[in-house]
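**Student:** File follows, run-v6.txt with compact mmCIF, C-alpha atoms:
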```txt
# COMPACT_ATOMS: atom_id res chain seq x y z
CA MET Z 251 375.41 72.00 -84.35
CA ILE Z 252 378.36 69.96 -83.12
CA LYS Z 253 381.32 69.86 -85.50
CA THR Z 254 384.05 68.57 -83.19
CA VAL Z 255 384.43 66.24 -80.22
CA ILE Z 256 387.37 66.85 -77.90
CA PHE Z 257 388.48 63.98 -75.71
CA ASP Z 258 390.53 64.01 -72.54
CA MET Z 259 392.84 60.99 -72.43
CA ASP Z 260 393.40 59.67 -68.90
CA GLY Z 261 390.19 58.35 -67.39
CA VAL Z 262 388.21 58.72 -70.64
CA ILE Z 263 390.02 56.88 -73.42
CA PHE Z 264 392.16 54.88 -71.01
CA ASP Z 265 391.31 53.72 -67.52
CA SER Z 266 394.80 54.90 -66.68
CA GLU Z 267 393.99 56.63 -63.42
CA THR Z 268 393.51 53.22 -61.79
CA MET Z 269 396.92 52.23 -63.18
CA TYR Z 270 398.54 55.42 -61.87
CA ILE Z 271 397.06 55.04 -58.40
CA ASN Z 272 398.02 51.37 -58.14
CA ASP Z 273 401.57 52.27 -59.17
CA LEU Z 274 401.69 55.03 -56.57
CA ILE Z 275 400.43 52.74 -53.81
CA ARG Z 276 402.94 50.06 -54.87
CA PHE Z 277 405.79 52.62 -54.87
CA PHE Z 278 405.01 53.80 -51.35
CA LYS Z 279 404.56 50.23 -50.12
CA GLN Z 280 408.08 49.41 -51.39
CA HIS Z 281 409.28 52.20 -49.11
CA ASP Z 282 407.25 50.91 -46.14
CA ILE Z 283 404.70 53.71 -46.38
CA GLU Z 284 401.05 52.71 -46.39
CA ILE Z 285 398.67 54.93 -48.34
CA GLN Z 286 395.08 54.41 -49.36
CA VAL Z 287 393.29 55.05 -52.65
CA ASN Z 288 391.62 58.10 -51.05
CA ASP Z 289 395.04 59.62 -50.41
CA CYS Z 290 395.62 59.62 -54.18
CA ILE Z 291 392.34 61.24 -55.28
CA PRO Z 292 393.79 64.80 -55.33
CA LEU Z 293 396.30 63.63 -57.96
CA ILE Z 294 393.65 62.69 -60.53
CA GLY Z 295 393.71 65.06 -63.49
CA ILE Z 296 397.05 66.69 -62.70
CA ASP Z 297 399.95 67.07 -65.11
CA SER Z 298 401.44 63.63 -65.79
CA LYS Z 299 405.04 64.89 -65.63
CA LEU Z 300 404.88 63.55 -62.08
CA TYR Z 301 404.43 59.99 -63.28
CA TYR Z 302 406.57 57.39 -64.94
CA GLU Z 303 406.70 57.30 -68.73
CA HIS Z 304 406.47 53.60 -69.55
CA ARG Z 305 402.94 52.23 -69.24
CA ASP Z 306 400.97 49.45 -70.82
CA TYR Z 307 398.17 51.58 -72.23
CA LYS Z 308 396.79 48.81 -74.42
CA ALA Z 309 395.90 46.94 -71.22
CA VAL Z 310 393.78 49.83 -69.92
CA VAL Z 311 392.13 51.13 -73.10
CA ARG Z 312 388.36 51.34 -72.73
CA PRO Z 313 387.00 48.76 -75.23
CA GLN Z 314 384.09 50.95 -76.44
CA ILE Z 315 386.46 53.70 -77.55
CA TYR Z 316 387.26 51.94 -80.83
CA SER Z 317 383.68 51.83 -82.11
CA VAL Z 318 382.90 55.29 -80.72
CA LEU Z 319 385.89 56.89 -82.43
CA GLU Z 320 385.22 54.97 -85.66
CA HIS Z 321 381.65 56.28 -85.76
CA LEU Z 322 382.47 59.85 -84.72
CA SER Z 323 385.38 60.15 -87.16
CA LYS Z 324 382.95 59.74 -90.07
CA HIS Z 325 380.92 62.78 -89.02
CA TYR Z 326 383.05 65.07 -86.82
CA LYS Z 327 386.54 66.38 -86.27
CA ILE Z 328 388.03 64.59 -83.28
CA ALA Z 329 390.70 66.09 -81.06
CA LEU Z 330 392.55 64.98 -77.96
CA ALA Z 331 393.41 67.58 -75.31
CA SER Z 332 395.25 66.01 -72.39
CA SER Z 333 397.30 67.37 -69.50
CA SER Z 334 399.75 64.54 -70.17
CA ARG Z 335 403.10 65.05 -71.85
CA LEU Z 336 403.14 64.66 -75.63
CA TYR Z 337 405.51 61.69 -75.34
CA THR Z 338 403.00 59.93 -73.07
CA ILE Z 339 400.06 60.77 -75.33
CA ASN Z 340 401.85 59.51 -78.43
CA ASN Z 341 402.98 56.35 -76.64
CA ALA Z 342 399.45 55.62 -75.41
CA LEU Z 343 397.78 56.26 -78.78
CA ASP Z 344 400.37 54.19 -80.65
CA GLN Z 345 400.08 51.25 -78.25
CA ALA Z 346 396.29 51.23 -78.61
CA GLY Z 347 396.24 51.97 -82.35
CA LEU Z 348 394.09 55.07 -81.90
CA ARG Z 349 396.18 57.88 -83.43
CA LYS Z 350 394.41 57.72 -86.81
CA TYR Z 351 391.18 59.04 -85.34
CA PHE Z 352 392.51 62.38 -84.11
CA SER Z 353 392.87 65.39 -86.38
CA LEU Z 354 394.55 67.32 -83.57
CA ILE Z 355 396.49 66.23 -80.49
CA VAL Z 356 397.18 68.84 -77.81
CA SER Z 357 399.36 68.34 -74.74
CA GLY Z 358 399.20 70.26 -71.48
CA GLU Z 359 402.95 70.77 -71.67
CA GLN Z 360 402.29 73.31 -74.45
CA PHE Z 361 400.85 75.73 -71.86
CA LYS Z 362 402.03 77.51 -68.72
CA GLU Z 363 399.21 76.07 -66.64
CA SER Z 364 397.40 72.76 -66.78
CA LYS Z 365 393.70 72.12 -66.26
CA PRO Z 366 391.59 73.61 -64.65
CA ASN Z 367 393.02 76.48 -66.71
CA PRO Z 368 390.83 76.56 -69.87
CA GLU Z 369 393.68 77.50 -72.22
CA ILE Z 370 394.10 73.96 -73.59
CA TYR Z 371 390.47 73.84 -74.73
CA LEU Z 372 390.41 77.39 -76.10
CA TYR Z 373 393.55 76.62 -78.09
CA THR Z 374 392.06 73.37 -79.41
CA ILE Z 375 388.88 74.94 -80.79
CA LYS Z 376 390.88 77.79 -82.31
CA GLU Z 377 393.18 75.29 -84.08
CA LEU Z 378 390.17 73.36 -85.35
CA ASN Z 379 388.50 76.58 -86.47
CA VAL Z 380 385.24 75.89 -84.63
CA ASN Z 381 383.15 78.01 -82.29
CA LYS Z 382 382.52 77.08 -78.67
CA ASP Z 383 378.95 76.00 -79.41
CA GLU Z 384 380.19 73.70 -82.19
CA ALA Z 385 382.35 71.64 -79.82
CA ILE Z 386 381.73 69.18 -77.06
CA ILE Z 387 384.30 67.96 -74.54
CA ILE Z 388 384.48 64.50 -72.98
CA GLU Z 389 386.08 64.59 -69.53
CA ASP Z 390 386.09 62.73 -66.25
CA SER Z 391 388.10 64.68 -63.66
CA SER Z 392 386.80 67.70 -61.77
CA LYS Z 393 389.83 69.72 -62.97
CA GLY Z 394 389.06 68.88 -66.61
CA ILE Z 395 385.36 69.60 -66.21
CA LEU Z 396 386.18 72.96 -64.64
CA ALA Z 397 388.56 73.76 -67.53
CA ALA Z 398 385.77 73.02 -70.03
CA ASN Z 399 383.34 75.19 -68.07
CA ARG Z 400 385.83 78.05 -67.90
CA ALA Z 401 386.30 77.74 -71.67
CA GLY Z 402 382.54 77.99 -72.13
CA ILE Z 403 382.28 74.66 -73.95
CA LYS Z 404 379.69 71.97 -73.24
CA VAL Z 405 381.17 69.06 -71.30
CA LEU Z 406 380.07 65.47 -70.90
CA ALA Z 407 381.58 63.60 -67.96
CA LEU Z 408 382.21 59.88 -68.19
CA LYS Z 409 380.75 58.68 -64.90
CA ASP Z 410 383.33 57.92 -62.25
CA ASP Z 411 382.42 54.88 -60.17
CA LYS Z 412 385.82 54.33 -58.56
CA PHE Z 413 387.16 57.51 -57.00
CA GLY Z 414 384.20 59.65 -56.01
CA LEU Z 415 385.26 62.50 -58.30
CA ASP Z 416 383.12 65.63 -58.20
CA GLN Z 417 381.50 65.70 -61.63
CA SER Z 418 378.61 67.95 -60.64
CA GLN Z 419 379.78 70.80 -62.90
CA ALA Z 420 379.42 68.69 -66.07
CA ASP Z 421 376.53 69.49 -68.40
CA ILE Z 422 375.70 65.80 -68.66
CA ILE Z 423 377.13 62.70 -66.94
CA ILE Z 424 377.27 59.67 -69.22
CA ASN Z 425 377.44 56.07 -68.06
CA GLU Z 426 379.43 54.73 -70.98
CA LEU Z 427 381.27 55.99 -74.04
CA ASN Z 428 378.52 54.84 -76.42
CA ASP Z 429 376.28 57.49 -74.82
CA ILE Z 430 378.36 60.17 -76.58
CA ILE Z 431 377.01 59.15 -79.98
CA LYS Z 432 373.40 59.02 -78.77
CA LEU Z 433 373.59 62.45 -77.15
CA ILE Z 434 375.31 64.18 -80.06
CA GLU Z 435 372.85 62.73 -82.54
CA LYS Z 436 369.99 64.01 -80.36
CA GLY Z 437 371.58 67.45 -80.44
CA ALA Z 438 373.15 67.46 -76.97
```
Is it possible to express this structure as structure tokens?
**Tutor:**
Amino acid sequence: MIKTVIFDMDGVIFDSETMYINDLIRFFKQHDIEIQVNDCIPLIGIDSKLYYEHRDYKAVVRPQIYSVLEHLSKHYKIALASSSRLYTINNALDQAGLRKYFSLIVSGEQFKESKPNPEIYLYTIKELNVNKDEAIIIEDSSKGILAANRAGIKVLALKDDKFGLDQSQADIIINELNDIIKLIEKGA
């Protein structure tokens, strides 16, 4: 029985990967270097220390996340486990008004290695005092999905329709955030 839902941040709660890639393309263009979206794909899911700190996260929050988190928070513990720096996570959650939903916030900067290392997810379930089979992870990037697999925790992947990410290792690929509620209630 599921007791906790662990969310990744970038690409799941926020469509921030599009923002990051557009910023990267714009940066290189200012320096007369042309790059394509495909050149940026390997950067998706990496530690955000490589990116700027000031973003408009409210502009890229996925609208369904509010109702999904509201519903889930009534029945489950909700955690956020992101490779991003804690400053970035806090900034994003505060801008979008989402902090209140999370009983635990974990940053990749707390660990030696980022995803696909499973340590962030193993730490999260330990802190929440739940077993692996009592948790479900919501991810999008192949690195995050691999981290969940290595941790031995079921992972749902929010379908990527922009970057061609390899999500084949996910237990289930969902089309939209509302699918999380349906699947958990069916015993996913």
**Student:** Which neighbours of Val255 of chain Z fall inside 9 Å, counting all atoms listed in the file, when residues of the same chain fewer than 2 positions from it are skipped, and could you give them as a PyMOL selection string?
**Tutor:** chain Z and resi 252-253+257+322+326-330+384-388
**Student:** Got a sec: who's within 8 Å of Thr374 of chain Z, counting all atoms listed in the file, leaving out chain neighbours fewer than 2 positions off, as a PyMOL selection string?
**Tutor:** chain Z and resi 329+331+354+356+370-372+376-378
**Student:** Any idea what's packed within 9 Å of segment 416-433 of chain Z, counting all atoms listed in the file, ignoring anything in its chain fewer than 5 positions away? Could you give it as a PDB file with C-alpha atoms, in the coordinates of the input?
**Tutor:**
```pdb
ATOM      1  CA  VAL Z 262     388.210  58.720 -70.640  1.00  0.00           C
ATOM      2  CA  ILE Z 263     390.020  56.880 -73.420  1.00  0.00           C
ATOM      3  CA  ARG Z 312     388.360  51.340 -72.730  1.00  0.00           C
ATOM      4  CA  GLN Z 314     384.090  50.950 -76.440  1.00  0.00           C
ATOM      5  CA  ILE Z 315     386.460  53.700 -77.550  1.00  0.00           C
ATOM      6  CA  SER Z 317     383.680  51.830 -82.110  1.00  0.00           C
ATOM      7  CA  VAL Z 318     382.900  55.290 -80.720  1.00  0.00           C
ATOM      8  CA  HIS Z 321     381.650  56.280 -85.760  1.00  0.00           C
ATOM      9  CA  LEU Z 322     382.470  59.850 -84.720  1.00  0.00           C
ATOM     10  CA  ILE Z 388     384.480  64.500 -72.980  1.00  0.00           C
ATOM     11  CA  GLU Z 389     386.080  64.590 -69.530  1.00  0.00           C
ATOM     12  CA  ASP Z 390     386.090  62.730 -66.250  1.00  0.00           C
ATOM     13  CA  SER Z 391     388.100  64.680 -63.660  1.00  0.00           C
ATOM     14  CA  SER Z 392     386.800  67.700 -61.770  1.00  0.00           C
ATOM     15  CA  ILE Z 395     385.360  69.600 -66.210  1.00  0.00           C
ATOM     16  CA  LEU Z 396     386.180  72.960 -64.640  1.00  0.00           C
ATOM     17  CA  ALA Z 398     385.770  73.020 -70.030  1.00  0.00           C
ATOM     18  CA  ASN Z 399     383.340  75.190 -68.070  1.00  0.00           C
ATOM     19  CA  LYS Z 404     379.690  71.970 -73.240  1.00  0.00           C
ATOM     20  CA  VAL Z 405     381.170  69.060 -71.300  1.00  0.00           C
ATOM     21  CA  LEU Z 406     380.070  65.470 -70.900  1.00  0.00           C
ATOM     22  CA  ALA Z 407     381.580  63.600 -67.960  1.00  0.00           C
ATOM     23  CA  LEU Z 408     382.210  59.880 -68.190  1.00  0.00           C
ATOM     24  CA  LYS Z 409     380.750  58.680 -64.900  1.00  0.00           C
ATOM     25  CA  ASP Z 410     383.330  57.920 -62.250  1.00  0.00           C
ATOM     26  CA  ALA Z 438     373.150  67.460 -76.970  1.00  0.00           C
TER      27      ALA Z 438
END
```
**Student:** Between Z:Leu415, Z:Val311, Z:Met251, Z:Ala397, which has the minimum distance to Phe264 of chain Z (counting all atoms listed in the file)?
**Tutor:**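 Answer, going by the shortest atom-to-atom distance: Z:Val311.
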**Student:** Taking into account all atoms listed in the file, which residue in the set Z:Met259, Z:Leu319, Z:Ile434, Z:Val380 is nearest to Leu343 of chain Z?
**Tutor:**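 Nearest to Leu343 of chain Z: Z:Met259.
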**Student:** Could you tell me how far atom CA of Ala342 of chain Z lies from atom CA of Ala309 of chain Z, in Å and to one decimal?
**Tutor:**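 It comes out at 10.3 Å.
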**Student:** One decimal, in Å: what's the spacing between atom CA of Arg400 of chain Z and atom CA of Ile355 of chain Z?
**Tutor:** 20.3 Å
**Student:** Could you check the closest approach to Arg335 of chain Z for each of Z:Tyr307, Z:Ser323, Z:Gln286, Z:Ser364 and tell me which residue wins, using all atoms listed in the file?
**Tutor:**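 So, comparing all the options, the nearest one is Z:Ser364.
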